[in-house]
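Here is work.pdb, consisting of PDB, C-alpha atoms:
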ATOM      1  CA  MET A 267    -213.324 258.183 -71.362
ATOM      2  CA  LYS A 268    -213.933 256.537 -74.752
ATOM      3  CA  PHE A 269    -211.611 253.816 -76.012
ATOM      4  CA  ARG A 270    -209.775 254.605 -79.263
ATOM      5  CA  ASP A 271    -208.962 251.793 -81.656
ATOM      6  CA  TYR A 272    -205.756 252.974 -83.266
ATOM      7  CA  TYR A 273    -205.712 250.059 -85.702
ATOM      8  CA  GLU A 274    -209.191 250.935 -86.926
ATOM      9  CA  ILE A 275    -208.210 254.583 -87.311
ATOM     10  CA  LEU A 276    -205.318 253.646 -89.633
ATOM     11  CA  GLY A 277    -207.309 250.894 -91.351
ATOM     12  CA  VAL A 278    -204.870 248.078 -90.583
ATOM     13  CA  PRO A 279    -205.283 244.719 -88.799
ATOM     14  CA  ARG A 280    -203.708 244.078 -85.411
ATOM     15  CA  THR A 281    -201.225 241.787 -87.139
ATOM     16  CA  ALA A 282    -199.960 244.621 -89.384
ATOM     17  CA  THR A 283    -196.212 244.975 -89.756
ATOM     18  CA  ALA A 284    -194.372 248.207 -89.023
ATOM     19  CA  GLU A 285    -194.087 248.794 -92.770
ATOM     20  CA  ASP A 286    -197.857 248.239 -93.231
ATOM     21  CA  ILE A 287    -198.563 250.799 -90.513
ATOM     22  CA  LYS A 288    -196.183 253.330 -92.052
ATOM     23  CA  LYS A 289    -197.723 252.931 -95.518
ATOM     24  CA  ALA A 290    -201.262 253.241 -94.147
ATOM     25  CA  TYR A 291    -200.375 256.425 -92.278
ATOM     26  CA  ARG A 292    -198.708 258.017 -95.301
ATOM     27  CA  ARG A 293    -201.634 257.087 -97.533
ATOM     28  CA  LEU A 294    -204.167 258.663 -95.174
ATOM     29  CA  ALA A 295    -201.920 261.654 -94.480
ATOM     30  CA  ARG A 296    -201.925 262.538 -98.160
ATOM     31  CA  LYS A 297    -205.706 262.386 -98.129
ATOM     32  CA  TYR A 298    -206.377 264.332 -94.922
ATOM     33  CA  HIS A 299    -203.420 266.677 -94.442
ATOM     34  CA  PRO A 300    -205.034 270.069 -93.716
ATOM     35  CA  ASP A 301    -202.815 271.879 -96.206
ATOM     36  CA  VAL A 302    -203.983 269.797 -99.157
ATOM     37  CA  SER A 303    -207.236 268.076 -98.218
ATOM     38  CA  LYS A 304    -210.678 269.367 -99.156
ATOM     39  CA  GLU A 305    -212.431 267.065 -96.660
ATOM     40  CA  ALA A 306    -214.546 268.948 -94.126
ATOM     41  CA  ASP A 307    -213.104 267.024 -91.176
ATOM     42  CA  ALA A 308    -209.535 266.850 -92.530
ATOM     43  CA  GLU A 309    -207.869 268.505 -89.548
ATOM     44  CA  ALA A 310    -209.638 266.309 -86.993
ATOM     45  CA  ARG A 311    -208.951 263.157 -88.999
ATOM     46  CA  PHE A 312    -205.293 264.037 -89.455
ATOM     47  CA  LYS A 313    -204.923 264.747 -85.745
ATOM     48  CA  GLU A 314    -206.522 261.386 -84.949
ATOM     49  CA  MET A 315    -204.233 259.570 -87.408
ATOM     50  CA  LYS A 316    -201.114 261.211 -85.998
ATOM     51  CA  GLU A 317    -202.044 260.076 -82.505
ATOM     52  CA  ALA A 318    -202.643 256.496 -83.687
ATOM     53  CA  TYR A 319    -199.397 256.417 -85.627
ATOM     54  CA  SER A 320    -197.368 257.823 -82.731
ATOM     55  CA  VAL A 321    -198.393 254.783 -80.681
ATOM     56  CA  LEU A 322    -198.326 251.998 -83.274
ATOM     57  CA  LYS A 323    -195.011 252.975 -84.858
ATOM     58  CA  ASP A 324    -193.225 252.628 -81.497
ATOM     59  CA  PRO A 325    -192.725 248.942 -80.531
ATOM     60  CA  GLU A 326    -192.877 249.624 -76.783
ATOM     61  CA  LYS A 327    -195.955 251.853 -76.943
ATOM     62  CA  ARG A 328    -197.673 249.404 -79.289
ATOM     63  CA  LYS A 329    -196.961 246.496 -76.943
ATOM     64  CA  ALA A 330    -198.365 248.414 -73.996
ATOM     65  CA  TYR A 331    -201.446 249.452 -75.980
ATOM     66  CA  ASP A 332    -202.045 245.907 -77.225
ATOM     67  CA  ARG A 333    -201.992 244.561 -73.674
ATOM     68  CA  PHE A 334    -205.513 245.845 -73.047
ATOM     69  CA  GLY A 335    -206.755 246.979 -76.437
ATOM     70  CA  ALA A 336    -207.938 243.627 -77.795
ATOM     71  CA  ASP A 337    -210.850 243.508 -75.327
ATOM     72  CA  TRP A 338    -212.307 246.909 -76.226
ATOM     73  CA  LYS A 339    -214.200 248.416 -79.125
ATOM     74  CA  THR A 340    -214.169 251.957 -80.431
ATOM     75  CA  GLY A 341    -216.397 254.232 -78.366
ATOM     76  CA  GLN A 342    -216.706 251.963 -75.322
ATOM     77  CA  GLU A 343    -216.006 253.445 -71.912
ATOM     78  CA  PHE A 344    -212.449 252.663 -70.887
ATOM     79  CA  ARG A 345    -210.345 253.019 -67.777
ATOM     80  CA  PRO A 346    -206.815 251.621 -67.536
ATOM     81  CA  PRO A 347    -206.137 249.181 -64.699
ATOM     82  CA  PRO A 348    -204.823 250.701 -61.460
ATOM     83  CA  ASP A 349    -201.436 249.087 -62.027
ATOM     84  CA  TRP A 350    -201.128 250.318 -65.632
ATOM     85  CA  GLU A 351    -198.084 252.439 -64.882
ATOM     86  CA  ARG A 352    -196.350 249.625 -63.009
ATOM     87  CA  GLN A 353    -197.068 247.036 -65.708
ATOM     88  CA  THR A 354    -196.031 249.139 -68.671
ATOM     89  CA  GLY A 355    -193.582 251.647 -67.268
ATOM     90  CA  PHE A 356    -195.242 254.344 -69.405
ATOM     91  CA  ARG A 357    -196.033 257.704 -67.967
ATOM     92  CA  HIS A 358    -194.977 261.305 -68.557
ATOM     93  CA  ALA A 359    -191.313 260.624 -67.874
ATOM     94  CA  ASN A 360    -191.112 258.031 -70.660
ATOM     95  CA  MET A 361    -192.698 260.137 -73.348
ATOM     96  CA  GLY A 362    -190.321 263.047 -73.802
ATOM     97  CA  GLY A 363    -191.275 266.715 -73.660
ATOM     98  CA  ALA A 364    -194.819 267.955 -73.625
ATOM     99  CA  GLY A 365    -194.505 269.289 -77.158
ATOM    100  CA  ASP A 366    -193.995 265.815 -78.618
ATOM    101  CA  HIS A 367    -197.673 264.892 -78.408
ATOM    102  CA  GLN A 368    -199.511 268.179 -78.125
ATOM    103  CA  GLY A 369    -203.187 268.192 -78.940
ATOM    104  CA  PHE A 370    -203.722 264.458 -78.395
ATOM    105  CA  SER A 371    -206.900 263.009 -76.870
ATOM    106  CA  ASP A 372    -207.768 262.364 -73.233
ATOM    107  CA  PHE A 373    -207.443 258.668 -74.045
ATOM    108  CA  PHE A 374    -203.806 259.133 -75.044
ATOM    109  CA  GLU A 375    -203.167 261.456 -72.105
ATOM    110  CA  THR A 376    -204.469 258.848 -69.660
ATOM    111  CA  LEU A 377    -202.360 256.046 -71.086
ATOM    112  CA  PHE A 378    -199.153 257.837 -71.951
ATOM    113  CA  GLY A 379    -199.253 261.447 -70.782
ATOM    114  CA  GLY A 380    -197.612 264.183 -72.795
ATOM    115  CA  GLY A 381    -199.123 267.656 -72.426
ATOM    116  CA  ARG A 382    -201.594 269.859 -74.234
ATOM    117  CA  ALA A 383    -201.652 272.587 -76.867
ATOM    118  CA  GLY A 384    -204.055 274.344 -79.136
ATOM    119  CA  PRO A 385    -205.215 273.219 -82.615
ATOM    120  CA  GLY A 386    -202.517 273.064 -85.243
ATOM    121  CA  ALA A 387    -199.724 272.098 -82.841
ATOM    122  CA  PHE A 388    -200.004 268.483 -83.959
ATOM    123  CA  ARG A 389    -198.791 268.928 -87.518
ATOM    124  CA  GLU A 390    -196.133 266.234 -87.453
ATOM    125  CA  GLY A 391    -193.410 268.710 -86.611
ATOM    126  CA  PHE A 392    -192.753 269.548 -90.267
ATOM    127  CA  GLY A 393    -194.260 272.981 -90.543
ATOM    128  CA  GLY A 394    -197.135 271.892 -92.779
ATOM    129  CA  SER A 395    -195.155 269.769 -95.229
ATOM    130  CA  SER A 396    -193.456 266.399 -95.359
ATOM    131  CA  LYS A 397    -191.103 264.552 -97.671
ATOM    132  CA  GLY A 398    -192.757 261.985 -99.925
ATOM    133  CA  GLU A 399    -192.159 258.273 -99.630
ATOM    134  CA  ASP A 400    -188.996 256.738-101.022
ATOM    135  CA  VAL A 401    -189.633 254.163-103.753
ATOM    136  CA  ASN A 402    -187.598 251.040-104.513
ATOM    137  CA  ALA A 403    -187.447 249.357-107.917
ATOM    138  CA  ARG A 404    -185.187 246.924-109.777
ATOM    139  CA  ILE A 405    -183.556 247.259-113.170
ATOM    140  CA  ALA A 406    -181.584 244.799-115.267
ATOM    141  CA  ILE A 407    -178.657 246.166-117.263
ATOM    142  CA  PRO A 408    -176.213 244.631-119.773
ATOM    143  CA  LEU A 409    -172.924 243.614-118.181
ATOM    144  CA  GLU A 410    -171.158 245.851-120.702
ATOM    145  CA  ASP A 411    -172.906 248.901-119.179
ATOM    146  CA  ALA A 412    -171.449 248.027-115.791
ATOM    147  CA  PHE A 413    -167.994 247.722-117.347
ATOM    148  CA  HIS A 414    -167.981 250.878-119.498
ATOM    149  CA  GLY A 415    -170.606 253.003-117.715
ATOM    150  CA  ALA A 416    -173.608 254.315-119.645
ATOM    151  CA  THR A 417    -176.623 256.589-119.648
ATOM    152  CA  ARG A 418    -179.889 254.847-120.460
ATOM    153  CA  GLN A 419    -183.494 255.878-120.923
ATOM    154  CA  LEU A 420    -185.477 253.471-118.766
ATOM    155  CA  SER A 421    -189.237 253.045-118.407
ATOM    156  CA  ILE A 422    -190.088 252.278-114.786
ATOM    157  CA  GLU A 423    -193.450 251.822-113.065
ATOM    158  CA  VAL A 424    -193.544 253.948-109.925
ATOM    159  CA  PRO A 425    -196.350 253.697-107.315
ATOM    160  CA  GLU A 426    -198.291 256.890-106.678
ATOM    161  CA  LEU A 427    -201.397 257.924-104.769
ATOM    162  CA  ASP A 428    -204.483 259.151-106.575
ATOM    163  CA  ASP A 429    -206.918 261.757-105.237
ATOM    164  CA  GLN A 430    -208.773 259.069-103.265
ATOM    165  CA  GLY A 431    -205.586 257.983-101.491
ATOM    166  CA  ARG A 432    -205.347 254.697-103.417
ATOM    167  CA  TYR A 433    -202.119 253.348-104.812
ATOM    168  CA  ARG A 434    -201.716 253.113-108.569
ATOM    169  CA  HIS A 435    -198.729 252.688-110.868
ATOM    170  CA  ARG A 436    -197.642 255.194-113.462
ATOM    171  CA  LYS A 437    -194.940 254.531-116.026
ATOM    172  CA  ARG A 438    -192.099 257.028-116.066
ATOM    173  CA  THR A 439    -189.286 257.334-118.582
ATOM    174  CA  LEU A 440    -186.139 258.443-116.795
ATOM    175  CA  SER A 441    -182.580 259.124-117.848
ATOM    176  CA  VAL A 442    -180.423 256.940-115.613
ATOM    177  CA  LYS A 443    -176.644 257.167-115.386
ATOM    178  CA  ILE A 444    -175.066 253.731-114.895
ATOM    179  CA  PRO A 445    -171.804 254.201-112.953
ATOM    180  CA  LYS A 446    -168.762 252.383-114.299
ATOM    181  CA  GLY A 447    -168.029 249.321-112.168
ATOM    182  CA  ILE A 448    -171.435 249.072-110.457
ATOM    183  CA  VAL A 449    -171.911 245.634-108.904
ATOM    184  CA  ALA A 450    -175.114 243.604-108.998
ATOM    185  CA  GLY A 451    -177.144 244.342-105.883
ATOM    186  CA  GLN A 452    -175.952 247.933-105.543
ATOM    187  CA  ARG A 453    -178.473 250.768-105.773
ATOM    188  CA  ILE A 454    -178.659 253.935-107.834
ATOM    189  CA  ARG A 455    -180.377 256.906-106.143
ATOM    190  CA  LEU A 456    -182.494 259.275-108.202
ATOM    191  CA  ALA A 457    -183.273 262.237-105.980
ATOM    192  CA  ASP A 458    -186.864 263.553-105.924
ATOM    193  CA  GLN A 459    -188.172 260.826-108.246
ATOM    194  CA  GLY A 460    -190.106 258.925-105.562
ATOM    195  CA  GLY A 461    -193.541 259.557-104.062
ATOM    196  CA  PRO A 462    -194.953 263.103-104.048
ATOM    197  CA  GLY A 463    -194.466 265.289-100.979
ATOM    198  CA  ILE A 464    -197.244 266.353 -98.637
ATOM    199  CA  GLY A 465    -198.266 269.973 -98.331
ATOM    200  CA  ALA A 466    -196.788 273.135 -99.743
ATOM    201  CA  GLY A 467    -193.050 272.734-100.102
ATOM    202  CA  GLY A 468    -193.127 269.013 -99.331
ATOM    203  CA  ARG A 469    -190.197 267.502-101.233
ATOM    204  CA  SER A 470    -190.734 264.338-103.250
ATOM    205  CA  GLY A 471    -189.138 261.140-102.023
ATOM    206  CA  ASP A 472    -186.230 259.456-103.754
ATOM    207  CA  LEU A 473    -186.218 256.548-106.183
ATOM    208  CA  TYR A 474    -183.747 253.751-105.473
ATOM    209  CA  LEU A 475    -182.940 251.382-108.328
ATOM    210  CA  GLN A 476    -181.379 248.055-107.391
ATOM    211  CA  VAL A 477    -179.177 246.838-110.229
ATOM    212  CA  ASP A 478    -179.238 243.308-111.629
ATOM    213  CA  TYR A 479    -177.302 242.038-114.642
ATOM    214  CA  GLU A 480    -179.020 240.670-117.700
ATOM    215  CA  PRO A 481    -177.961 237.084-118.476
ATOM    216  CA  HIS A 482    -174.794 237.143-120.593
ATOM    217  CA  PRO A 483    -174.014 234.544-123.286
ATOM    218  CA  VAL A 484    -170.281 234.448-122.429
ATOM    219  CA  PHE A 485    -169.516 235.860-118.991
ATOM    220  CA  GLU A 486    -170.568 235.187-115.415
ATOM    221  CA  THR A 487    -169.751 237.400-112.431
ATOM    222  CA  GLN A 488    -168.858 237.134-108.764
ATOM    223  CA  GLU A 489    -168.828 240.637-107.288
ATOM    224  CA  ARG A 490    -166.263 242.461-109.492
ATOM    225  CA  ASP A 491    -164.679 239.283-110.849
ATOM    226  CA  VAL A 492    -165.645 237.982-114.290
ATOM    227  CA  ILE A 493    -165.588 234.292-115.260
ATOM    228  CA  VAL A 494    -165.504 232.773-118.749
ATOM    229  CA  LYS A 495    -165.330 229.161-119.914
ATOM    230  CA  LEU A 496    -162.781 228.902-122.737
ATOM    231  CA  PRO A 497    -162.916 225.919-125.127
ATOM    232  CA  ILE A 498    -159.509 224.595-126.263
ATOM    233  CA  THR A 499    -158.423 221.651-128.405
ATOM    234  CA  PRO A 500    -156.621 218.562-127.027
ATOM    235  CA  ALA A 501    -153.464 219.666-128.844
ATOM    236  CA  GLU A 502    -153.584 223.156-127.311
ATOM    237  CA  ALA A 503    -154.032 221.595-123.876
ATOM    238  CA  ALA A 504    -151.228 219.058-124.312
ATOM    239  CA  LEU A 505    -148.628 221.175-126.085
ATOM    240  CA  GLY A 506    -149.413 224.612-124.666
ATOM    241  CA  ARG A 507    -150.354 227.338-127.091
ATOM    242  CA  THR A 508    -151.280 231.025-127.127
ATOM    243  CA  VAL A 509    -154.950 231.550-127.930
ATOM    244  CA  GLN A 510    -157.320 234.498-128.006
ATOM    245  CA  ALA A 511    -159.619 234.894-125.001
ATOM    246  CA  PRO A 512    -162.609 237.279-124.744
ATOM    247  CA  THR A 513    -162.771 239.945-122.037
ATOM    248  CA  LEU A 514    -165.218 242.815-121.462
ATOM    249  CA  GLY A 515    -162.521 245.144-122.743
ATOM    250  CA  GLY A 516    -161.857 243.125-125.918
ATOM    251  CA  THR A 517    -159.917 239.977-126.863
ATOM    252  CA  VAL A 518    -156.473 239.313-125.382
ATOM    253  CA  ASP A 519    -153.730 236.750-126.002
ATOM    254  CA  LEU A 520    -153.707 233.997-123.362
ATOM    255  CA  LYS A 521    -150.895 231.475-122.951
ATOM    256  CA  ILE A 522    -152.118 227.939-122.207
ATOM    257  CA  PRO A 523    -149.607 226.039-120.040
ATOM    258  CA  PRO A 524    -148.540 222.658-121.542
ATOM    259  CA  GLY A 525    -150.385 219.697-120.055
ATOM    260  CA  SER A 526    -153.477 221.668-119.058
ATOM    261  CA  SER A 527    -156.648 219.744-118.223
ATOM    262  CA  SER A 528    -160.309 220.712-118.403
ATOM    263  CA  GLY A 529    -161.226 222.775-115.371
ATOM    264  CA  LYS A 530    -157.845 224.433-114.992
ATOM    265  CA  ARG A 531    -158.361 228.091-114.056
ATOM    266  CA  LEU A 532    -156.162 230.908-115.347
ATOM    267  CA  ARG A 533    -156.258 234.471-113.993
ATOM    268  CA  LEU A 534    -156.189 237.711-115.941
ATOM    269  CA  LYS A 535    -155.421 240.317-113.293
ATOM    270  CA  GLY A 536    -157.466 243.528-113.402
ATOM    271  CA  ARG A 537    -159.611 242.374-116.345
ATOM    272  CA  GLY A 538    -162.830 242.251-114.346
ATOM    273  CA  LEU A 539    -165.184 245.120-113.508
ATOM    274  CA  PRO A 540    -163.591 248.521-112.775
ATOM    275  CA  GLY A 541    -163.139 249.485-109.152
ATOM    276  CA  ASN A 542    -160.569 250.279-106.523
ATOM    277  CA  PRO A 543    -159.147 247.721-106.830
ATOM    278  CA  PRO A 544    -160.615 246.359-110.085
ATOM    279  CA  GLY A 545    -161.832 242.798-110.320
ATOM    280  CA  ASP A 546    -160.043 239.993-112.139
ATOM    281  CA  GLN A 547    -161.115 237.744-114.969
ATOM    282  CA  TYR A 548    -160.880 234.001-114.475
ATOM    283  CA  VAL A 549    -160.635 231.685-117.479
ATOM    284  CA  ASP A 550    -161.788 228.116-116.946
ATOM    285  CA  LEU A 551    -160.351 225.801-119.614
ATOM    286  CA  LYS A 552    -162.546 223.221-121.287
ATOM    287  CA  ILE A 553    -161.069 220.646-123.679
ATOM    288  CA  VAL A 554    -163.417 219.921-126.559
ATOM    289  CA  LEU A 555    -163.310 217.577-129.554
ATOM    290  CA  PRO A 556    -164.811 218.154-132.983
ATOM    291  CA  ALA A 557    -168.244 216.657-133.484
ATOM    292  CA  ARG A 558    -166.841 214.432-136.255
ATOM    293  CA  ILE A 559    -163.317 212.949-136.552
ATOM    294  CA  ASP A 560    -162.112 212.174-140.093
ATOM    295  CA  ASP A 561    -159.995 209.132-141.018
ATOM    296  CA  LYS A 562    -156.705 211.004-140.885
ATOM    297  CA  ALA A 563    -157.375 212.366-137.397
ATOM    298  CA  ARG A 564    -158.571 208.972-136.215
ATOM    299  CA  LEU A 565    -155.304 207.354-137.377
ATOM    300  CA  LEU A 566    -153.276 209.948-135.492
ATOM    301  CA  TYR A 567    -155.300 209.406-132.321
ATOM    302  CA  GLU A 568    -154.740 205.657-132.595
ATOM    303  CA  GLN A 569    -151.003 206.177-132.962
ATOM    304  CA  LEU A 570    -151.039 208.508-129.932
ATOM    305  CA  GLU A 571    -152.956 205.926-127.936
ATOM    306  CA  LYS A 572    -150.282 203.300-128.615
ATOM    307  CA  ALA A 573    -147.396 205.676-127.960
ATOM    308  CA  GLU A 574    -148.456 207.051-124.576
ATOM    309  CA  ARG A 575    -148.823 204.964-121.446
ATOM    310  CA  PHE A 576    -151.085 207.293-119.524
ATOM    311  CA  ASN A 577    -154.075 206.042-117.515
ATOM    312  CA  PRO A 578    -156.159 208.976-116.224
ATOM    313  CA  ARG A 579    -158.215 206.546-114.071
ATOM    314  CA  ALA A 580    -155.278 204.930-112.253
ATOM    315  CA  SER A 581    -156.209 206.600-108.969
ATOM    316  CA  LEU A 582    -159.655 204.994-109.126
ATOM    317  CA  VAL A 583    -158.367 201.416-109.231
ATOM    318  CA  THR A 584    -158.828 199.663-105.862
TER     319      THR A 584
END
Please go through the file and, once you have read it, give me the structure as structure tokens.
Amino acid sequence: MKFRDYYEILGVPRTATAEDIKKAYRRLARKYHPDVSKEADAEARFKEMKEAYSVLKDPEKRKAYDRFGADWKTGQEFRPPPDWERQTGFRHANMGGAGDHQGFSDFFETLFGGGRAGPGAFREGFGGSSKGEDVNARIAIPLEDAFHGATRQLSIEVPELDDQGRYRHRKRTLSVKIPKGIVAGQRIRLADQGGPGIGAGGRSGDLYLQVDYEPHPVFETQERDVIVKLPITPAEAALGRTVQAPTLGGTVDLKIPPGSSSGKRLRLKGRGLPGNPPGDQYVDLKIVLPARIDDKARLLYEQLEKAERFNPRASLVT
């Protein structure tokens, strides 16, 4: 019995991740699937790939295969050790019904068991077609779009496979509906906009767009909550005044409590991103002075300094 190097068949190293193995299989499947391929040996190659993938995609089967596979090369005579079944626990009972692996090689049969069938029984159980690969991408949207909702025309590079089975990127312009209240990190699903399907009737995969917010000059966010730093004058902080504060829904009147200090946080309930429940807006106060103080203002500050007996650093004195 000849040894089969499943890694070589899929064109991946022995250190390949599960995702690497999946991508390699899908790439080769699109090239050699009998329903679409013009290669003379397409059916045999596809059958061989399916067998390799059925082992390497399963962590337990892969571990058992790797136990002896590193010491063999493709085409060498191979016999499993007498205690193979005891060491691995793999035999017919572990592999499901005979139809799961019909048409596989003697090499697979010896290692894992699984039954026989005629040509064509191996076709991945999808009746000659398979859904295309799902694609993930990221988009950055204005915060206002998340607040109001919007429909945007976006140009996105989506990976595809060319006729040689190699990945390339093609730019697509898609109409994307931005749901009102979408939070950074959430995904938008565009059905059938992913990788192309395999075979006649093979549905395309889906495109998943992870949403990020573009940097905003005024607002920051935490989940559905919105945060803004609001500059106020010393007089507004000391005396308490009503000032205008920006929100994503427009400006609102905000009452500053008398004696407010920089860093004091005020809450505007329900003024954050829409949702159930909606987020809040938090206003962080920041006392600012004019860049230049004229003589009249200076005189008033000096009078205030003499009148008040307030030491903001008293707690620091040891």
Item to check | Residue neighbourhood range 446-460 of chain A, 7 Å, only C-alpha atoms, exclusion window fewer than 5 positions, as a PyMOL selection string | outcome: chain A and resi 398-401+412-415+469-479+489-490+539-541
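In this comparison, which uses all atoms listed in the file, the residue of A:Gly463, A:Thr281, A:Leu570, A:Arg533 approaching Ala504 in chain A most closely is A:Leu570.
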Where's the centre, and what are the edge lengths in Å to one decimal, of a box along x, y and z enclosing all listed atoms of range 553-557 of chain A padded 6 Å per side, as lines of an AutoDock Vina configuration file?
center_x = -164.7
center_y = 218.7
center_z = -128.6
size_x = 19.2
size_y = 16.0
size_z = 21.8
Item to check | Which residue of A:Arg438, A:Leu496, A:His482, A:Glu423 approaches Ile407 in chain A most closely, using all atoms listed in the file | outcome: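 The answer is A:His482, which sits nearest to Ile407 in chain A.
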Checklist entry - CA of Asp546 in chain A to CA of Ile493 in chain A: how many Å, to one decimal? => result 8.5 Å
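Comparing A:Ile422, A:Pro325, A:Tyr291, A:Ser526 by their smallest distance to Lys313 in chain A, the closest is A:Tyr291 (using all atoms listed in the file).
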Next on the checklist: Could you check the closest approach to Ala295 in chain A for each of A:Glu410, A:Asp561, A:Glu309, A:Asp519 and tell me which residue wins, using all atoms listed in the file?
Outcome noted: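 Of all the options, A:Glu309 lies closest to Ala295 in chain A.
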